[in-house]
2 protein chains.
Amino acid sequence: MEQRIMTSPAAKIEEAVTFNDQGLVLAIAQQHDSGEVLMAAWMNREALAETLESGQVCYWSRSRQSLWRKGESSGQTQKLIELRIDCDGDSLLLRVDQKGVACHTGRRSCFYRAIDKGGDMKELLPVVVDPKALYGR
Amino acid sequence: MEQRIMTSPAAKIEEAVTFNDQGLVLAIAQQHDSGEVLMAAWMNREALAETLESGQVCYWSRSRQSLWRKGESSGQTQKLIELRIDCDGDSLLLRVDQKGVACHTGRRSCFYRAIDKGGDMKELLPVVVDPKALYGR
């Protein structure tokens with residue numbers, strides 16, 4: 001008789017995702033409809049589980065060593081539309097709906113500068129929200 | 001009298017990019033026109049310099065510990081259209097023109113699977129090139 005083994009969501013995620021030696025996996029956020037790449041950050045197991053459970057993106061802040069509920073202080077939240085994983089399981093692509101701006105500088109995306117062959121940088125995206133309005137409360 | 005200091009491209013890049021303690025910076029490749037996120041990999045100083053110089057994307061392979069000229073064996077090269085850098089300088093966004101497929105599985109993008117809340121995976125992208133045709137030579 002066939003034996004059915006029930007596997008928990010946490011166990012399935014553990015099998016699918018390759019966390020690095022710091023227990024982290026790369027997470028790239030992309031606006032789901034426009035295709036804009038908004039930012040890159042990291043998740044630990046807890047941040048990933050919370051993101052899937054709540055539908056609101058939560059990262060792991062390496063500098064603060066704590067969960068980073070995106071938009072918690074700025075209001076610029078990311079609603080998870082779809083979570084994708086790459087072929088070797090060590091990078092996630094978060095298809096999100098970004099409220100307002102992703103970047104702490106007040107720009108839509110953190111990738112707002114281009115570097116040319118000569119090493120010179122050019123700003124591509126304008127500041128659309130005053131950073132003071134995001135964090136000055 | 002104003003003194004002009006000439007700064008080399010390498011010095012400017014060193015100032016702009018924050019390499020991690022392994023001397024690497026994250027590089028995310030995105031198809032420049034469609035917006036598809038194709039893959040995520042790493043670059044060291046040499047790979048980044050070569051990419052900017054040649055206009056063809058070259059990564060650093062952590063598993064092989066060597067330069068990884070994307071498409072060198074498979075023919076699936078990435079032409080650099082524009083290189084962007086994020087606000088804290090530790091992630092690059094490569095806007096590329098991907099020839100064929102980015103993924104070694106023969107799919108257009110490495111992010112070809114979605115994970116749902118229950119931890120179950122679903123394949124989103126078809127195999128468009130037989131991997132044997134890419135590497136079986």
# chains A, B, ... in the order shown; residues from 1 in each chain; ligands from 1

$ interface_residues --of "chain A" --to "chain B" --cutoff "6 Å" --atoms "only C-alpha atoms" --output "list in words"
Pro9, Lys12, Ile13, Gly35, Leu52, Leu83, Arg84, Ile85, Asp86, Cys87, Cys110, Phe111, Arg113, Ala114, Ile115, Lys117, Gly118 and Gly119 of chain A

$ write_last_selection --atoms "N, CA and C atoms" --output "compact mmCIF listing (two decimals), in the first residue's frame"
# COMPACT_ATOMS: atom_id res chain seq x y z
N PRO A 9 5.06 22.95 4.72
CA PRO A 9 5.58 24.03 3.86
C PRO A 9 7.03 24.38 4.22
N LYS A 12 9.35 21.86 2.76
CA LYS A 12 9.44 21.99 1.30
C LYS A 12 10.33 23.18 0.92
N ILE A 13 10.19 24.27 1.66
CA ILE A 13 11.00 25.46 1.38
C ILE A 13 12.47 25.17 1.68
N GLY A 35 8.16 45.61 -14.72
CA GLY A 35 9.44 44.94 -14.90
C GLY A 35 10.63 45.66 -14.28
N LEU A 52 6.03 34.81 2.78
CA LEU A 52 5.06 33.91 2.14
C LEU A 52 3.74 33.89 2.92
N LEU A 83 6.51 34.68 -5.94
CA LEU A 83 7.89 34.44 -5.55
C LEU A 83 8.49 33.40 -6.48
N ARG A 84 9.57 33.78 -7.14
CA ARG A 84 10.25 32.84 -8.05
C ARG A 84 11.60 32.46 -7.48
N ILE A 85 12.09 31.31 -7.90
CA ILE A 85 13.39 30.82 -7.42
C ILE A 85 14.22 30.38 -8.60
N ASP A 86 15.53 30.55 -8.51
CA ASP A 86 16.36 30.25 -9.68
C ASP A 86 16.79 28.78 -9.70
N CYS A 87 17.49 28.42 -10.77
CA CYS A 87 17.81 27.01 -11.04
C CYS A 87 18.62 26.34 -9.95
N CYS A 110 16.48 51.38 -6.39
CA CYS A 110 17.83 51.60 -5.86
C CYS A 110 18.86 51.67 -7.00
N PHE A 111 18.52 51.12 -8.15
CA PHE A 111 19.45 51.10 -9.29
C PHE A 111 19.24 52.35 -10.15
N ARG A 113 21.60 54.71 -10.88
CA ARG A 113 22.81 55.26 -11.51
C ARG A 113 23.39 54.27 -12.52
N ALA A 114 23.91 54.81 -13.61
CA ALA A 114 24.62 53.98 -14.60
C ALA A 114 26.11 54.31 -14.50
N ILE A 115 26.94 53.30 -14.70
CA ILE A 115 28.39 53.50 -14.77
C ILE A 115 28.83 53.22 -16.19
N LYS A 117 32.00 52.95 -19.26
CA LYS A 117 33.30 52.29 -19.45
C LYS A 117 34.44 53.01 -18.74
N GLY A 118 34.33 54.34 -18.68
CA GLY A 118 35.37 55.15 -18.06
C GLY A 118 35.23 55.25 -16.55
N GLY A 119 34.18 54.57 -15.99
CA GLY A 119 33.98 54.60 -14.54
C GLY A 119 33.15 55.80 -14.08

$ residues_around --residues "Gln65 (chain A)" --least-positions-apart "6" --cutoff "12 Å" --atoms "only C-alpha atoms" --output "count of residues only"
7

$ closest_residue --among "B:Val129, B:Ile5, B:Leu80, B:Leu48" --to "Trp68 (chain B)" --atoms "only C-alpha atoms"
B:Leu48

$ atom_distance --atom1 "CA of Ser73 (chain B)" --atom2 "CA of Gln56 (chain B)"
14.0 Å

$ select_by_dssp --residues "chain B" --states "strand (DSSP E or B)" --output "ChimeraX atom specification"
/B:25-31,37-43,56,58-61,66-69,78-85,91-98,113-115,121-123

$ select_by_dssp --residues "region 8-49 of chain B" --states "alpha helix (DSSP H)" --output "list of chain:residue names"
B:Pro9, B:Ala10, B:Ala11, B:Lys12, B:Ile13, B:Glu14, B:Glu15, B:Ala16, B:Arg45, B:Glu46, B:Ala47, B:Leu48, B:Ala49

$ decode --residues "region 7-125 of chain A" --atoms "C-alpha atoms" --output "compact mmCIF listing (two decimals), in the first residue's frame"
# COMPACT_ATOMS: atom_id res chain seq x y z
CA THR A 7 5.59 17.40 4.09
CA SER A 8 5.19 20.74 5.82
CA PRO A 9 5.58 24.03 3.86
CA ALA A 10 8.69 24.80 5.93
CA ALA A 11 10.26 21.45 4.98
CA LYS A 12 9.44 21.99 1.30
CA ILE A 13 11.00 25.46 1.38
CA GLU A 14 14.06 24.08 3.13
CA GLU A 15 14.42 21.56 0.31
CA ALA A 16 13.94 24.15 -2.45
CA VAL A 17 16.09 26.99 -1.12
CA THR A 18 19.87 26.90 -0.70
CA PHE A 19 20.70 29.25 2.16
CA ASN A 20 24.33 30.38 2.33
CA ASP A 21 26.67 29.79 5.26
CA GLN A 22 25.17 32.82 6.99
CA GLY A 23 21.70 31.31 6.59
CA LEU A 24 20.71 33.85 3.94
CA VAL A 25 19.32 33.77 0.42
CA LEU A 26 19.48 36.62 -2.10
CA ALA A 27 16.16 38.33 -2.86
CA ILE A 28 15.69 40.61 -5.88
CA ALA A 29 12.53 42.70 -5.97
CA GLN A 30 10.92 43.49 -9.31
CA GLN A 31 7.78 45.50 -9.96
CA HIS A 32 5.46 42.81 -11.30
CA ASP A 33 3.82 44.77 -14.11
CA SER A 34 6.45 47.26 -15.32
CA GLY A 35 9.44 44.94 -14.90
CA GLU A 36 11.52 47.57 -13.03
CA VAL A 37 14.20 45.96 -10.87
CA LEU A 38 13.71 47.80 -7.58
CA MET A 39 16.33 46.50 -5.16
CA ALA A 40 18.38 43.53 -4.00
CA ALA A 41 18.50 42.38 -0.38
CA TRP A 42 18.68 39.20 1.72
CA MET A 43 16.26 36.92 3.53
CA ASN A 44 16.81 34.39 6.27
CA ARG A 45 14.41 31.49 6.88
CA GLU A 46 12.20 33.56 9.16
CA ALA A 47 11.94 36.50 6.74
CA LEU A 48 11.07 34.17 3.85
CA ALA A 49 8.44 32.32 5.90
CA GLU A 50 6.88 35.59 7.05
CA THR A 51 6.85 36.98 3.49
CA LEU A 52 5.06 33.91 2.14
CA GLU A 53 2.64 33.84 5.06
CA SER A 54 1.77 37.55 5.23
CA GLY A 55 2.08 38.46 1.55
CA GLN A 56 4.11 41.55 2.54
CA VAL A 57 7.84 41.45 1.84
CA CYS A 58 10.13 41.08 4.84
CA TYR A 59 13.94 40.97 4.45
CA TRP A 60 16.79 40.30 6.86
CA SER A 61 18.85 43.38 7.55
CA ARG A 62 22.52 42.37 7.71
CA SER A 63 23.55 45.75 9.16
CA ARG A 64 20.92 45.72 11.90
CA GLN A 65 20.87 41.92 12.27
CA SER A 66 17.09 41.92 12.50
CA LEU A 67 13.96 41.33 10.43
CA TRP A 68 13.32 44.23 8.09
CA ARG A 69 9.66 44.59 7.27
CA LYS A 70 10.01 46.66 4.14
CA GLY A 71 8.11 49.93 4.51
CA GLU A 72 7.55 49.53 8.25
CA SER A 73 8.95 52.98 8.99
CA SER A 74 8.64 54.63 5.54
CA GLY A 75 5.23 53.29 4.52
CA GLN A 76 6.78 52.17 1.20
CA THR A 77 5.66 48.54 1.44
CA GLN A 78 6.06 45.73 -1.07
CA LYS A 79 3.12 43.44 -1.62
CA LEU A 80 4.20 40.01 -2.83
CA ILE A 81 2.56 39.02 -6.10
CA GLU A 82 4.71 35.96 -6.90
CA LEU A 83 7.89 34.44 -5.55
CA ARG A 84 10.25 32.84 -8.05
CA ILE A 85 13.39 30.82 -7.42
CA ASP A 86 16.36 30.25 -9.68
CA CYS A 87 17.81 27.01 -11.04
CA ASP A 88 20.28 26.45 -8.22
CA GLY A 89 17.98 27.66 -5.48
CA ASP A 90 20.22 30.37 -4.07
CA SER A 91 18.44 33.43 -5.48
CA LEU A 92 14.84 34.53 -5.20
CA LEU A 93 12.98 36.88 -7.51
CA LEU A 94 10.16 38.67 -5.73
CA ARG A 95 7.52 39.91 -8.11
CA VAL A 96 5.99 42.70 -6.04
CA ASP A 97 3.68 45.67 -6.10
CA GLN A 98 5.84 48.49 -4.71
CA LYS A 99 3.97 51.25 -2.92
CA GLY A 100 5.70 54.56 -3.66
CA VAL A 101 9.46 54.20 -3.83
CA ALA A 102 11.82 51.31 -3.07
CA CYS A 103 14.95 53.37 -2.42
CA HIS A 104 15.72 55.22 0.81
CA THR A 105 16.94 58.14 -1.35
CA GLY A 106 13.34 58.69 -2.48
CA ARG A 107 13.85 57.17 -5.92
CA ARG A 108 11.64 54.48 -7.37
CA SER A 109 14.51 51.97 -7.68
CA CYS A 110 17.83 51.60 -5.86
CA PHE A 111 19.45 51.10 -9.29
CA TYR A 112 19.24 54.76 -10.26
CA ARG A 113 22.81 55.26 -11.51
CA ALA A 114 24.62 53.98 -14.60
CA ILE A 115 28.39 53.50 -14.77
CA ASP A 116 30.12 53.85 -18.11
CA LYS A 117 33.30 52.29 -19.45
CA GLY A 118 35.37 55.15 -18.06
CA GLY A 119 33.98 54.60 -14.54
CA ASP A 120 31.83 57.75 -14.66
CA MET A 121 28.36 57.67 -13.13
CA LYS A 122 25.17 59.23 -14.39
CA GLU A 123 21.90 59.54 -12.49
CA LEU A 124 18.97 58.07 -14.36
CA LEU A 125 16.07 58.39 -11.94
